[in-house]
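Asker: I have a structure here, written as structure tokens, and I will follow up with some questions on it.
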Amino acid sequence: MRTEAELMDVMTTPGERLVGFMKALRGDIIVLGAGGKMGPSLSILAARALNEAKSSHKVIAVSRFSDEAAAVTMREAGVELVSADLMDEAALRALPDAPNVIYMAGRKFGTSGGGESLTWAMNAYLPGRVAERYRSSRIVAFSTGNVQPYLPIAYGGSNEETPPAPVGEYAQSCLGRERVFEYFSRRNGTPVLLYRLSYAIDMRYGVLHDIGLAVYEERPIRVDAGVFVCIWQGDANDWAIRSLDLCASPASILNATGPETLSIRQVAEKFGALFGKPPVFEGQEAREAAFASAAKACGVMGYPSVPAAKLIEWNAEWIASGGVMWDKPTHFEETKGKY
């Protein structure tokens, strides 16, 4: 992969399990907050899978669509676009009905330093409005692994039953999002799946991109966080769509990430070997970390199609060849919850 077009094609080529899922799907899929980092590729993947399944159903993507190029790509792939501000009550009420909802709206960066109230409004207030609007649908609501507690690394990560303990206002607001969806799921009987995603990987951004680029540019890498988990964005999108079948009332939870626990230091050293540049480190690994166990997800969804070793190679090739970069750092090294 050397171009964004090639990358998008790989990310949005549906596998057999997803096509089979679409053959049995009843009704359209509406993707709320589809203009972000993952929304375009998820919407296109869903549209391509529906097409291969010879389904008459459609994908409706809702966003303000500030990225016109992404909107054009989605439209060309057969995705129906609806331009709307989800925080506008009239716009929310006017959205099309759909029995299948994938909720991707949220705010992370800019939380600290004056943006806290908007983050809470987006992450904890809006979900309640959406849950009421789509009370008769099933909803896969994107969440984050940041809600999980710091545990000894030897424990192997938090599972879906581990009590959350978010650090910082961003993570706290995300737990607020989960609690609001849980409340409306119980009150209205709405089937909901809380999709706790941990580090989706795209060549243009992501934790592997951040580490690899730092090695390539010979910048120091903080290792305080110790370890992380991640998943190929194509797999994360596939799982999110198929998670519609896991929606339940009361709401269920799925840790969406890869099965490998990766050391920041060791990943940097692998990039160093690929680039011929020894990495430079700062800090010292903590004994505890906040990361998820993917045991349940791999059991119900199957193992990701792209392992971590291949993702490292892909990122190294992309960086070395001068591939497009989005300048959207993950702040993987953050341990105090300040974004």
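Labels for the structure tokens follow display order: chains A, B, ..., residues from 1 in each chain, ligands from 1.
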Just list the residues in region 106-279 of chain A DSSP gives helix (DSSP H, G or I) on the backbone, as a ChimeraX atom specification.
Answerer: /A:116-133,145-147,153-155,169-188,207-216,233-246,264-275
Asker: With only C-alpha atoms as the counted atoms, please give the residues lying no more than 10 Å from Met301 (chain A), apart from itself and same-chain residues fewer than 3 positions off, as number ranges by chain.
Answerer: A: 17, 235, 238-240, 242-243, 256, 296-298, 304
Asker: Put those residues in a file: N, CA and C atoms, as a CSV table (one decimal), in the first residue's frame.
Answerer:
chain,number,residue,atom,x,y,z
A,17,ARG,N,-17.4,-13.5,6.3
A,17,ARG,CA,-18.3,-13.4,7.5
A,17,ARG,C,-19.1,-12.2,7.4
A,235,ASP,N,-10.4,-4.5,10.6
A,235,ASP,CA,-11.1,-5.5,11.5
A,235,ASP,C,-12.0,-4.8,12.5
A,238,ASP,N,-15.2,-4.1,10.7
A,238,ASP,CA,-15.9,-5.3,10.5
A,238,ASP,C,-16.6,-5.8,11.8
A,239,TRP,N,-15.9,-5.8,12.9
A,239,TRP,CA,-16.4,-6.2,14.1
A,239,TRP,C,-17.6,-5.3,14.6
A,240,ALA,N,-17.4,-4.0,14.4
A,240,ALA,CA,-18.5,-3.1,14.8
A,240,ALA,C,-19.8,-3.3,14.1
A,242,ARG,N,-20.7,-6.2,12.6
A,242,ARG,CA,-21.3,-7.5,13.1
A,242,ARG,C,-21.7,-7.5,14.5
A,243,SER,N,-21.3,-6.5,15.3
A,243,SER,CA,-21.7,-6.4,16.7
A,243,SER,C,-23.2,-6.0,16.8
A,256,ALA,N,-13.1,-4.3,22.0
A,256,ALA,CA,-12.7,-4.4,20.6
A,256,ALA,C,-11.2,-4.0,20.4
A,296,LYS,N,-12.9,-12.2,24.9
A,296,LYS,CA,-14.3,-12.4,24.5
A,296,LYS,C,-14.5,-12.0,23.1
A,297,ALA,N,-13.9,-10.9,22.6
A,297,ALA,CA,-14.1,-10.5,21.2
A,297,ALA,C,-13.6,-11.5,20.2
A,298,CYS,N,-12.4,-12.0,20.5
A,298,CYS,CA,-11.9,-13.0,19.6
A,298,CYS,C,-12.7,-14.3,19.6
A,304,PRO,N,-8.5,-11.3,14.6
A,304,PRO,CA,-8.3,-10.2,13.6
A,304,PRO,C,-7.6,-10.8,12.4
Asker: Please determine, counting only C-alpha atoms, which residue among A:Leu193, A:Ala53, A:Ile44, A:Ala154 has the shortest atom-to-atom distance to Ala289 (chain A).
Answerer: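 That would be A:Ala154, the residue with the smallest distance to Ala289 (chain A).
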Asker: Any idea what the distance is between CA of Gln172 (chain A) and CA of Val147 (chain A)?
Answerer: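 Going from CA of Gln172 (chain A) over to CA of Val147 (chain A) covers 6.9 Å.
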Asker: Residues at most 7 Å from Arg186 (chain A), counting only C-alpha atoms, excluding those fewer than 3 positions away in the same chain, as number ranges by chain?
Answerer: A: 182-183, 189, 249-250
Asker: Which residues are near region 66-79 of chain A? Cut-off 7 Å, only C-alpha atoms, ignore same chain within fewer than 5 positions. Put them as a list in words.
Answerer: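 Counting only C-alpha atoms, the residues come to Pro40, Ser43, Ile44, Ala47, Val59, Ile60 and Ala61 of chain A.
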Asker: Between CA of Arg265 (chain A) and CA of Pro329 (chain A), measure the distance and give it in Å to one decimal.
Answerer: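 Between CA of Arg265 (chain A) and CA of Pro329 (chain A) the gap works out to 17.8 Å.
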Asker: Hey, what's within 10 Å of Ser63 (chain A) if we count only C-alpha atoms and toss same-chain stuff fewer than 4 positions away? As a short mmCIF file (atom, residue, chain, number, x, y, z; two decimals) with N, CA and C atoms, in the first residue's frame, please?
Answerer:
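Listed below is the output, around.cif:
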data_model
loop_
_atom_site.label_atom_id
_atom_site.label_comp_id
_atom_site.auth_asym_id
_atom_site.auth_seq_id
_atom_site.Cartn_x
_atom_site.Cartn_y
_atom_site.Cartn_z
N VAL A 31 -25.18 5.39 10.23
CA VAL A 31 -23.93 5.62 10.96
C VAL A 31 -23.93 7.07 11.41
N LEU A 32 -24.01 7.30 12.71
CA LEU A 32 -24.08 8.64 13.27
C LEU A 32 -22.68 9.09 13.69
N GLY A 33 -22.25 10.25 13.17
CA GLY A 33 -20.89 10.70 13.42
C GLY A 33 -19.93 10.02 12.47
N ALA A 34 -20.33 9.93 11.20
CA ALA A 34 -19.57 9.16 10.21
C ALA A 34 -18.43 9.93 9.58
N GLY A 35 -18.21 11.17 9.98
CA GLY A 35 -17.17 11.95 9.32
C GLY A 35 -15.83 11.93 10.00
N GLY A 36 -15.67 11.15 11.06
CA GLY A 36 -14.41 11.13 11.80
C GLY A 36 -13.36 10.25 11.16
N GLY A 39 -15.20 6.67 10.51
CA GLY A 39 -16.53 6.66 9.92
C GLY A 39 -16.58 6.41 8.42
N ASP A 67 -14.86 17.28 5.90
CA ASP A 67 -13.88 16.77 4.93
C ASP A 67 -14.62 16.42 3.64
N ALA A 71 -16.31 12.82 1.95
CA ALA A 71 -17.72 12.74 1.57
C ALA A 71 -17.88 12.26 0.13
N LEU A 81 -25.53 10.10 2.01
CA LEU A 81 -25.04 11.07 2.98
C LEU A 81 -26.16 11.99 3.45
N VAL A 82 -26.16 12.25 4.75
CA VAL A 82 -27.08 13.22 5.35
C VAL A 82 -26.23 14.19 6.17
N SER A 83 -26.22 15.44 5.77
CA SER A 83 -25.45 16.45 6.48
C SER A 83 -26.28 17.00 7.64
N ALA A 84 -25.78 16.82 8.86
CA ALA A 84 -26.54 17.26 10.03
C ALA A 84 -25.62 17.43 11.22
N ASP A 85 -25.96 18.38 12.08
CA ASP A 85 -25.30 18.56 13.37
C ASP A 85 -26.13 17.80 14.40
N LEU A 86 -25.58 16.73 14.94
CA LEU A 86 -26.35 15.88 15.86
C LEU A 86 -26.73 16.61 17.14
N MET A 104 -21.02 6.72 16.36
CA MET A 104 -19.58 6.98 16.40
C MET A 104 -19.24 8.40 16.87
N ALA A 105 -20.25 9.20 17.18
CA ALA A 105 -20.00 10.59 17.56
C ALA A 105 -19.30 10.67 18.91
#
Asker: Report as number ranges by chain all protein, DNA and RNA residues lying within 12 Å of Glu313 (chain A), evaluated on only C-alpha atoms, omitting residues in the same chain fewer than 4 positions from it.
Answerer: A: 1, 203, 208-209, 212, 267-268, 270-275, 306-309, 317-320
Asker: Which of these residues is nearest to Pro127 (chain A), using only C-alpha atoms: A:Asp224, A:Phe184, A:Asp97, A:Pro163?
Answerer: A:Phe184
Asker: What is the distance between CA of Ser173 (chain A) and CA of Leu194 (chain A), in Å to one decimal?
Answerer: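 So the answer is 14.2 Å.
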Asker: Which residues are near Gly20 (chain A)? Cut-off 12 Å, only C-alpha atoms, ignore same chain within fewer than 5 positions. Put them as an NGL selection string.
Answerer: :A and (14-15 or 25 or 46 or 49-55 or 238 or 241-242)
